[in-house]
$ cat entry-v7.txt   # compact mmCIF, C-alpha atoms
# COMPACT_ATOMS: atom_id res chain seq x y z
CA MET A 512 -20.12 -6.36 -6.75
CA ASN A 513 -18.63 -9.78 -6.16
CA LEU A 514 -16.87 -11.37 -3.17
CA PRO A 515 -13.32 -10.17 -3.95
CA ASN A 516 -14.57 -6.60 -4.46
CA PHE A 517 -16.57 -6.78 -1.24
CA ILE A 518 -13.41 -7.91 0.60
CA SER A 519 -11.42 -5.01 -0.93
CA LEU A 520 -14.16 -2.58 0.09
CA GLY A 521 -14.08 -4.00 3.61
CA ARG A 522 -10.30 -3.43 3.71
CA LEU A 523 -10.85 0.17 2.62
CA LEU A 524 -13.37 0.62 5.44
CA THR A 525 -10.84 -0.63 8.03
CA VAL A 526 -8.59 2.36 7.38
CA PRO A 527 -10.35 4.99 9.53
CA VAL A 528 -10.78 2.49 12.36
CA THR A 529 -7.11 1.45 12.23
CA VAL A 530 -6.00 5.09 12.19
CA TRP A 531 -8.29 5.90 15.12
CA LEU A 532 -6.98 2.92 17.10
CA ILE A 533 -3.39 4.12 16.60
CA LEU A 534 -4.30 7.68 17.60
CA VAL A 535 -5.97 6.59 20.83
CA GLY A 536 -3.12 4.22 21.70
CA GLU A 537 -5.02 0.95 21.20
CA MET A 538 -2.06 -0.70 19.48
CA ARG A 539 -3.24 -4.29 19.96
CA GLY A 540 -6.48 -3.51 18.16
CA ALA A 541 -4.64 -1.53 15.46
CA PHE A 542 -2.17 -4.38 14.98
CA ALA A 543 -4.94 -7.01 14.79
CA LEU A 544 -7.01 -4.97 12.33
CA PHE A 545 -3.95 -4.21 10.19
CA VAL A 546 -3.00 -7.90 10.04
CA LEU A 547 -6.61 -8.79 9.17
CA ALA A 548 -6.56 -6.19 6.39
CA GLY A 549 -3.29 -7.65 5.09
CA ILE A 550 -4.76 -11.15 5.07
CA SER A 551 -7.84 -9.85 3.26
CA ASP A 552 -5.57 -8.52 0.49
CA ALA A 553 -4.22 -12.01 -0.13
CA VAL A 554 -7.69 -13.58 0.12
CA ASP A 555 -9.39 -11.25 -2.36
CA GLY A 556 -6.63 -11.80 -4.91
CA PHE A 557 -6.77 -15.56 -4.47
CA VAL A 558 -10.57 -15.71 -4.77
CA ALA A 559 -10.61 -13.41 -7.81
CA THR A 560 -7.98 -15.49 -9.60
CA ARG A 561 -9.04 -18.97 -8.50
CA PHE A 562 -12.74 -18.51 -9.22
CA ASN A 563 -12.37 -16.28 -12.28
CA MET A 564 -13.98 -13.30 -10.53
CA LYS A 565 -11.67 -10.55 -11.76
CA THR A 566 -13.54 -7.35 -12.63
CA MET A 567 -12.69 -3.85 -13.83
CA LEU A 568 -13.88 -2.52 -10.46
CA GLY A 569 -11.54 -4.90 -8.65
CA ARG A 570 -8.66 -3.85 -10.85
CA TYR A 571 -8.93 -0.37 -9.32
CA LEU A 572 -10.50 -1.06 -5.92
CA ASP A 573 -7.88 -3.56 -4.70
CA PRO A 574 -4.79 -1.36 -5.23
CA LEU A 575 -6.72 1.70 -4.02
CA ALA A 576 -7.57 -0.08 -0.77
CA ASP A 577 -3.91 -1.08 -0.37
CA LYS A 578 -2.66 2.45 -0.97
CA VAL A 579 -5.20 4.10 1.32
CA LEU A 580 -4.47 1.60 4.09
CA LEU A 581 -0.70 1.93 3.86
CA VAL A 582 -0.62 5.71 3.44
CA GLY A 583 -3.15 6.15 6.27
CA VAL A 584 -1.17 3.92 8.63
CA TYR A 585 2.18 5.44 7.63
CA LEU A 586 0.92 9.00 8.05
CA THR A 587 -0.49 8.15 11.46
CA LEU A 588 2.62 6.28 12.64
CA GLY A 589 4.73 9.19 11.39
CA ALA A 590 2.58 11.80 13.13
CA GLN A 591 2.91 9.78 16.34
CA GLU A 592 6.71 9.64 15.75
CA TYR A 593 6.81 5.85 15.46
CA LEU A 594 8.19 6.11 11.91
CA PRO A 595 10.63 8.70 10.57
CA ILE A 596 8.88 11.57 8.79
CA TRP A 597 11.24 11.35 5.80
CA LEU A 598 10.09 7.76 5.20
CA VAL A 599 6.42 8.70 5.52
CA ILE A 600 6.90 11.49 2.98
CA LEU A 601 8.71 9.10 0.63
CA VAL A 602 6.01 6.42 0.85
CA ALA A 603 3.12 8.88 0.49
CA SER A 604 4.84 10.73 -2.38
CA ARG A 605 5.32 7.51 -4.35
CA ASP A 606 1.65 6.64 -4.02
CA PHE A 607 0.53 10.17 -4.91
CA LEU A 608 2.85 10.03 -7.94
CA ILE A 609 1.26 6.79 -9.11
CA VAL A 610 -2.32 7.90 -8.50
CA GLY A 611 -1.69 11.40 -9.85
CA GLY A 612 0.01 10.08 -12.98
CA THR A 613 -2.85 7.70 -13.65
CA MET A 614 -5.45 10.43 -13.10
CA PHE A 615 -3.54 12.88 -15.32
CA SER A 616 -3.34 10.28 -18.08
CA TYR A 617 -7.07 9.67 -17.84
CA VAL A 618 -7.92 13.39 -17.88
CA VAL A 619 -5.81 14.09 -20.97
CA GLY A 620 -7.22 11.05 -22.76
CA TYR A 621 -4.32 8.61 -22.65
CA ASP A 622 -5.17 4.96 -22.16
CA ILE A 623 -2.29 4.09 -19.90
CA LYS A 624 -1.60 0.45 -19.25
CA VAL A 625 -0.43 0.11 -15.66
CA GLN A 626 0.95 -3.32 -14.99
CA PRO A 627 1.95 -4.46 -11.53
CA LEU A 628 5.72 -4.56 -11.31
CA MET A 629 7.72 -7.10 -9.30
CA ILE A 630 9.62 -4.31 -7.52
CA SER A 631 6.30 -2.74 -6.56
CA LYS A 632 5.01 -6.02 -5.19
CA ALA A 633 8.24 -6.30 -3.16
CA ASN A 634 7.80 -2.69 -2.05
CA THR A 635 4.22 -3.27 -0.93
CA ALA A 636 5.28 -6.40 0.96
CA ALA A 637 8.10 -4.46 2.66
CA GLN A 638 5.75 -1.58 3.56
CA ILE A 639 3.22 -3.99 5.02
CA ALA A 640 5.93 -5.85 6.92
CA LEU A 641 7.36 -2.64 8.41
CA ALA A 642 3.95 -1.36 9.50
CA ALA A 643 3.11 -4.75 11.02
CA ILE A 644 6.48 -4.91 12.83
CA VAL A 645 6.08 -1.40 14.26
CA LEU A 646 2.46 -2.00 15.28
CA GLY A 647 3.44 -5.39 16.72
CA GLU A 648 6.28 -3.83 18.72
CA LEU A 649 3.87 -1.22 20.07
CA ALA A 650 1.16 -3.79 20.77
CA ILE A 651 3.26 -6.24 22.74
CA GLY A 652 6.17 -4.04 23.76
CA GLY A 653 8.49 -6.30 21.81
CA ALA A 654 12.14 -5.70 21.24
CA ALA A 655 12.26 -6.00 17.46
CA ASP A 656 13.61 -2.45 17.26
CA GLY A 657 16.66 -3.56 15.27
CA LEU A 658 14.42 -5.30 12.75
CA SER A 659 12.21 -2.23 12.31
CA ARG A 660 15.27 0.00 11.81
CA TRP A 661 16.59 -2.37 9.13
CA MET A 662 13.16 -2.55 7.46
CA ILE A 663 12.98 1.26 7.29
CA TYR A 664 15.88 1.21 4.85
CA VAL A 665 14.47 -1.73 2.88
CA VAL A 666 11.20 0.21 2.49
CA ALA A 667 13.08 3.37 1.47
CA VAL A 668 15.13 1.61 -1.22
CA THR A 669 12.19 -0.36 -2.66
CA THR A 670 9.97 2.73 -2.58
CA VAL A 671 12.47 4.78 -4.60
CA ALA A 672 13.07 1.88 -7.03
CA SER A 673 9.35 1.23 -7.47
CA GLY A 674 8.44 4.91 -7.87
CA GLY A 675 11.23 5.37 -10.41
CA ARG A 676 10.15 2.31 -12.37
CA TYR A 677 6.52 3.48 -12.46
CA LEU A 678 7.67 6.91 -13.62
CA VAL A 679 9.64 5.33 -16.48
CA GLN A 680 6.65 3.13 -17.38
CA TRP A 681 4.31 6.14 -17.34
CA VAL A 682 6.59 8.30 -19.52
CA MET A 683 7.07 5.46 -22.01
CA ASN A 684 3.31 4.88 -22.17
CA LEU A 685 2.65 8.57 -22.80
CA SER A 686 5.30 8.66 -25.53
CA GLY A 687 3.69 5.65 -27.26
CA ARG A 688 6.51 3.23 -26.53
CA GLU A 689 6.22 -0.13 -24.86
CA THR A 690 7.85 -0.53 -21.49
CA VAL A 691 10.78 -2.83 -20.94

$ encode --input "entry-v7.txt" --output "structure tokens"
Amino acid sequence: MNLPNFISLGRLLTVPVTVWLILVGEMRGAFALFVLAGISDAVDGFVATRFNMKTMLGRYLDPLADKVLLVGVYLTLGAQEYLPIWLVILVASRDFLIVGGTMFSYVVGYDIKVQPLMISKANTAAQIALAAIVLGELAIGGAADGLSRWMIYVVAVTTVASGGRYLVQWVMNLSGRETV
């Protein structure tokens, strides 16, 4: 357990608190904790790379913490009707597809090589931005409603593109071909 993994674990532990804060209407606290979790994602990656502290645990823990945080926040914002349900289903389905595909590959004995894709990095950034915008609007009563509506469609498009690209990568890995 090194510093970047400890930071990722800390981000994972913020999820139930962030969800609880949203459910009880403490949007300022939820927004602050969500932003802190987002900053921690950048910090753990920087520290791991800069100080040569990348580990196998970190390779799985970091994206797991990201997925649990985003899906938890999206499900909660959707249940509270702050995000459209169709978008929440889309975001959660993509992440379940990725995790399920990876788990299936492991169970059947395939050594699948999952590489972060640029579209997926863009998708994660868009998902984080949308959640932060919505939580920020709720926290300060801001009028960025037009921005959040626009970001909903950006998240939808990047989620479909990213999920489709991962599906292609997974199928090609299982068939023994390299991805393009």

$ closest_residue --input "entry-v7.txt" --among "A:Ala633, A:Leu649, A:Val535, A:Ala643" --to "Ala672 in chain A" --atoms "all atoms listed in the file"
A:Ala633

$ atom_distance --input "entry-v7.txt" --atom1 "CA of Gly569 in chain A" --atom2 "CA of Pro515 in chain A"
7.3 Å

$ axis_aligned_box --input "entry-v7.txt" --around "range 607-618 of chain A" --padding-each-side "6 Å" --output "JSON"
{"center_x": -2.5, "center_y": 10.1, "center_z": -11.5, "size_x": 22.8, "size_y": 18.6, "size_z": 25.2}

$ residues_around --input "entry-v7.txt" --residues "range 552-561 of chain A" --least-positions-apart "2" --cutoff "7 Å" --atoms "all atoms listed in the file" --output "JSON, numbers by chain"
{"A": [515, 518, 519, 548, 549, 550, 563, 564, 565]}

$ write_last_selection --input "entry-v7.txt" --atoms "C-alpha atoms" --output "mmCIF file, in the frame of the given file"
data_model
loop_
_atom_site.group_PDB
_atom_site.id
_atom_site.type_symbol
_atom_site.label_atom_id
_atom_site.label_comp_id
_atom_site.auth_asym_id
_atom_site.auth_seq_id
_atom_site.Cartn_x
_atom_site.Cartn_y
_atom_site.Cartn_z
ATOM 1 C CA PRO A 515 -13.320 -10.170 -3.950
ATOM 2 C CA ILE A 518 -13.410 -7.910 0.600
ATOM 3 C CA SER A 519 -11.420 -5.010 -0.930
ATOM 4 C CA ALA A 548 -6.560 -6.190 6.390
ATOM 5 C CA GLY A 549 -3.290 -7.650 5.090
ATOM 6 C CA ILE A 550 -4.760 -11.150 5.070
ATOM 7 C CA ASN A 563 -12.370 -16.280 -12.280
ATOM 8 C CA MET A 564 -13.980 -13.300 -10.530
ATOM 9 C CA LYS A 565 -11.670 -10.550 -11.760
#

$ residues_around --input "entry-v7.txt" --residues "Met538 in chain A" --least-positions-apart "5" --cutoff "10 Å" --atoms "only C-alpha atoms" --output "ChimeraX atom specification"
/A:529,532-533,543-544,645-652

$ atom_distance --input "entry-v7.txt" --atom1 "CA of Lys578 in chain A" --atom2 "CA of Val610 in chain A"
9.3 Å

$ decode --input "entry-v7.txt" --residues "range 528-594 of chain A" --atoms "C-alpha atoms" --output "PDB file, in the first residue's frame"
ATOM      1  CA  VAL A 528     -20.569  10.075   2.430  1.00  0.00           C
ATOM      2  CA  THR A 529     -21.125  11.968  -0.834  1.00  0.00           C
ATOM      3  CA  VAL A 530     -24.251   9.925  -1.589  1.00  0.00           C
ATOM      4  CA  TRP A 531     -25.572  10.514   1.932  1.00  0.00           C
ATOM      5  CA  LEU A 532     -24.928  14.265   1.659  1.00  0.00           C
ATOM      6  CA  ILE A 533     -26.917  14.406  -1.595  1.00  0.00           C
ATOM      7  CA  LEU A 534     -29.776  12.386  -0.086  1.00  0.00           C
ATOM      8  CA  VAL A 535     -30.083  14.661   2.942  1.00  0.00           C
ATOM      9  CA  GLY A 536     -29.872  17.806   0.818  1.00  0.00           C
ATOM     10  CA  GLU A 537     -26.433  18.973   1.981  1.00  0.00           C
ATOM     11  CA  MET A 538     -25.390  19.973  -1.529  1.00  0.00           C
ATOM     12  CA  ARG A 539     -22.526  22.247  -0.496  1.00  0.00           C
ATOM     13  CA  GLY A 540     -20.893  19.400   1.392  1.00  0.00           C
ATOM     14  CA  ALA A 541     -21.599  16.954  -1.453  1.00  0.00           C
ATOM     15  CA  PHE A 542     -20.152  19.394  -3.981  1.00  0.00           C
ATOM     16  CA  ALA A 543     -17.028  20.031  -1.880  1.00  0.00           C
ATOM     17  CA  LEU A 544     -16.421  16.328  -1.261  1.00  0.00           C
ATOM     18  CA  PHE A 545     -16.998  15.484  -4.927  1.00  0.00           C
ATOM     19  CA  VAL A 546     -14.518  18.166  -6.038  1.00  0.00           C
ATOM     20  CA  LEU A 547     -12.006  16.902  -3.457  1.00  0.00           C
ATOM     21  CA  ALA A 548     -12.452  13.360  -4.786  1.00  0.00           C
ATOM     22  CA  GLY A 549     -11.902  14.624  -8.340  1.00  0.00           C
ATOM     23  CA  ILE A 550      -8.715  16.411  -7.300  1.00  0.00           C
ATOM     24  CA  SER A 551      -7.525  13.262  -5.533  1.00  0.00           C
ATOM     25  CA  ASP A 552      -7.874  11.359  -8.815  1.00  0.00           C
ATOM     26  CA  ALA A 553      -5.444  13.735 -10.506  1.00  0.00           C
ATOM     27  CA  VAL A 554      -3.093  13.714  -7.506  1.00  0.00           C
ATOM     28  CA  ASP A 555      -2.831   9.932  -7.192  1.00  0.00           C
ATOM     29  CA  GLY A 556      -2.084   9.588 -10.898  1.00  0.00           C
ATOM     30  CA  PHE A 557       0.534  12.318 -10.780  1.00  0.00           C
ATOM     31  CA  VAL A 558       2.258  10.876  -7.701  1.00  0.00           C
ATOM     32  CA  ALA A 559       2.216   7.327  -9.102  1.00  0.00           C
ATOM     33  CA  THR A 560       3.743   8.447 -12.391  1.00  0.00           C
ATOM     34  CA  ARG A 561       6.145  11.110 -11.128  1.00  0.00           C
ATOM     35  CA  PHE A 562       7.609   9.023  -8.317  1.00  0.00           C
ATOM     36  CA  ASN A 563       7.465   5.649 -10.076  1.00  0.00           C
ATOM     37  CA  MET A 564       4.901   4.271  -7.621  1.00  0.00           C
ATOM     38  CA  LYS A 565       2.635   2.448 -10.065  1.00  0.00           C
ATOM     39  CA  THR A 566       1.423  -0.905  -8.722  1.00  0.00           C
ATOM     40  CA  MET A 567      -0.856  -3.712  -9.855  1.00  0.00           C
ATOM     41  CA  LEU A 568      -3.227  -2.789  -7.017  1.00  0.00           C
ATOM     42  CA  GLY A 569      -3.330   0.807  -8.220  1.00  0.00           C
ATOM     43  CA  ARG A 570      -4.021  -0.325 -11.761  1.00  0.00           C
ATOM     44  CA  TYR A 571      -7.349  -1.712 -10.523  1.00  0.00           C
ATOM     45  CA  LEU A 572      -8.083   0.438  -7.469  1.00  0.00           C
ATOM     46  CA  ASP A 573      -7.881   3.829  -9.230  1.00  0.00           C
ATOM     47  CA  PRO A 574     -10.414   3.113 -12.005  1.00  0.00           C
ATOM     48  CA  LEU A 575     -12.622   1.200  -9.554  1.00  0.00           C
ATOM     49  CA  ALA A 576     -12.734   4.229  -7.249  1.00  0.00           C
ATOM     50  CA  ASP A 577     -13.600   6.451 -10.235  1.00  0.00           C
ATOM     51  CA  LYS A 578     -16.387   4.160 -11.403  1.00  0.00           C
ATOM     52  CA  VAL A 579     -17.901   3.678  -7.949  1.00  0.00           C
ATOM     53  CA  LEU A 580     -17.820   7.422  -7.288  1.00  0.00           C
ATOM     54  CA  LEU A 581     -19.380   8.384 -10.606  1.00  0.00           C
ATOM     55  CA  VAL A 582     -22.002   5.640 -10.660  1.00  0.00           C
ATOM     56  CA  GLY A 583     -22.904   6.318  -7.016  1.00  0.00           C
ATOM     57  CA  VAL A 584     -23.283  10.057  -7.616  1.00  0.00           C
ATOM     58  CA  TYR A 585     -25.151   9.576 -10.907  1.00  0.00           C
ATOM     59  CA  LEU A 586     -27.561   7.045  -9.400  1.00  0.00           C
ATOM     60  CA  THR A 587     -28.242   9.363  -6.486  1.00  0.00           C
ATOM     61  CA  LEU A 588     -28.674  12.481  -8.638  1.00  0.00           C
ATOM     62  CA  GLY A 589     -30.974  10.479 -10.917  1.00  0.00           C
ATOM     63  CA  ALA A 590     -33.048   9.141  -8.019  1.00  0.00           C
ATOM     64  CA  GLN A 591     -33.412  12.718  -6.766  1.00  0.00           C
ATOM     65  CA  GLU A 592     -34.437  13.762 -10.327  1.00  0.00           C
ATOM     66  CA  TYR A 593     -31.486  16.115 -10.791  1.00  0.00           C
ATOM     67  CA  LEU A 594     -30.272  14.080 -13.786  1.00  0.00           C
TER      68      LEU A 594
END
